[in-house]
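One structure is given here, and the rest of the page talks about it.
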Amino acid sequence: MKIEKKIYTEDSTPEEIKLLRERVTKLKSGILYYQEAPTISLFQLDIMWGKVQELSLDLPKFDFIIDLTGIERPNAEIRDHIKKKLLAYKSRFDQIYIVYGKDRLLLFTVKFIMHYTGLENVNLKPTMEEVMLEIEAREKNGQG
């Protein structure tokens with residue numbers, strides 16, 4: 001079973017919830033990866049950010065990669081919920097990397113959300129490969 005392009009709600013099956021949680025992983029020490037669901041819902045955000053909380057318990061600071069490739073652009077209610085989730089971790093993010101793919105309107109939406117969070121150290125990249133290259137460069141320079 002895989003994540004479908006649908007709105008996940010409280011009626012989601014245990015298997016669907018498990019699949020949502022599996023989209024949040026620890027890539028390596030100090031780096032969390034969050035692969036957004038194709039269609040974002042409040043319920044799904046809470047499930048996935050719950051996993052972020054679990055994985056970051058032992059991390060005072062961490063890099064956070066948010067992969068938005070192929071998602072539908074979020075509505076105002078979802079954008080507000082995302083801002084709240086990001087702000088709850090504001091002091092714990094070392095770097096935030098956001099992968100937006102080829103969707104220029106999504107890039108605009110991301111910039112809009114980031115502007116209102118006031119988060120610094122946000123890196124917007126079209127591909128995951130570019131994110132990993134930047135992380136490797138930071139590590140080589142002793143910044144990672």
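Please note that chains go A, B, ... in the order of the structure tokens, that every chain numbers its residues from 1, and that ligands are numbered from 1 in the order shown.
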| request: Excluding Phe112 of chain A and any residue of its chain fewer than 2 positions from it, enumerate the residues within 12 Å of it, using only C-alpha atoms, and give them as a ChimeraX atom specification. | output: /A:74,76,79-80,82-83,105-110,114-119
| task | List every residue of segment 35-135 of chain A that DSSP, applied to the backbone, labels as strand (DSSP E or B), and write the result as an MDAnalysis selection string. | result | chainID A and resid 35 62:67 93:99 122:125
Go ahead and write the selection's residues with C-alpha atoms as a compact mmCIF listing (two decimals), in the first residue's frame.
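Full text of selection_23.txt as output:
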# COMPACT_ATOMS: atom_id res chain seq x y z
CA GLN A 35 8.15 13.98 2.68
CA PHE A 62 18.64 19.72 13.79
CA ASP A 63 18.51 20.22 10.06
CA PHE A 64 15.04 19.71 8.65
CA ILE A 65 14.39 18.75 5.03
CA ILE A 66 10.82 19.22 3.82
CA ASP A 67 10.16 17.60 0.45
CA PHE A 93 16.05 24.27 13.53
CA ASP A 94 19.67 24.65 12.49
CA GLN A 95 18.89 24.72 8.77
CA ILE A 96 15.62 24.17 6.93
CA TYR A 97 15.78 22.83 3.40
CA ILE A 98 12.62 22.90 1.31
CA VAL A 99 12.44 20.92 -1.92
CA VAL A 122 15.80 28.53 5.06
CA ASN A 123 17.15 27.05 1.85
CA LEU A 124 14.81 26.56 -1.10
CA LYS A 125 15.95 23.98 -3.64
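Compared by their closest atoms to Glu136 of chain A, and using only C-alpha atoms, the residues A:Ile31, A:Leu20, A:Tyr8, A:Gly50 rank with A:Ile31 nearest.
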| field | Who sits within 9 Å of Leu59 of chain A, only C-alpha atoms, same chain under 3 positions skipped, as a list in words | value | Ser29, Gly30, Leu55, Ser56, Phe62 and Arg92 of chain A
The selected residues should be written to file as a PDB file, in the first residue's frame (atoms: C-alpha atoms).
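The resulting part.pdb:
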ATOM      1  CA  SER A  29      22.384  12.154  12.978  1.00  0.00           C
ATOM      2  CA  GLY A  30      20.946  15.646  13.196  1.00  0.00           C
ATOM      3  CA  LEU A  55      12.487  11.730  16.165  1.00  0.00           C
ATOM      4  CA  SER A  56      13.743  15.075  17.462  1.00  0.00           C
ATOM      5  CA  PHE A  62      18.641  19.717  13.793  1.00  0.00           C
ATOM      6  CA  ARG A  92      15.533  23.979  17.271  1.00  0.00           C
TER       7      ARG A  92
END
| query | Which residues in chain A does DSSP call alpha helix (DSSP H)? List them as a VMD selection string. | reply | chain A and resid 14 to 21 42 to 55 76 to 88 104 to 117 128 to 140
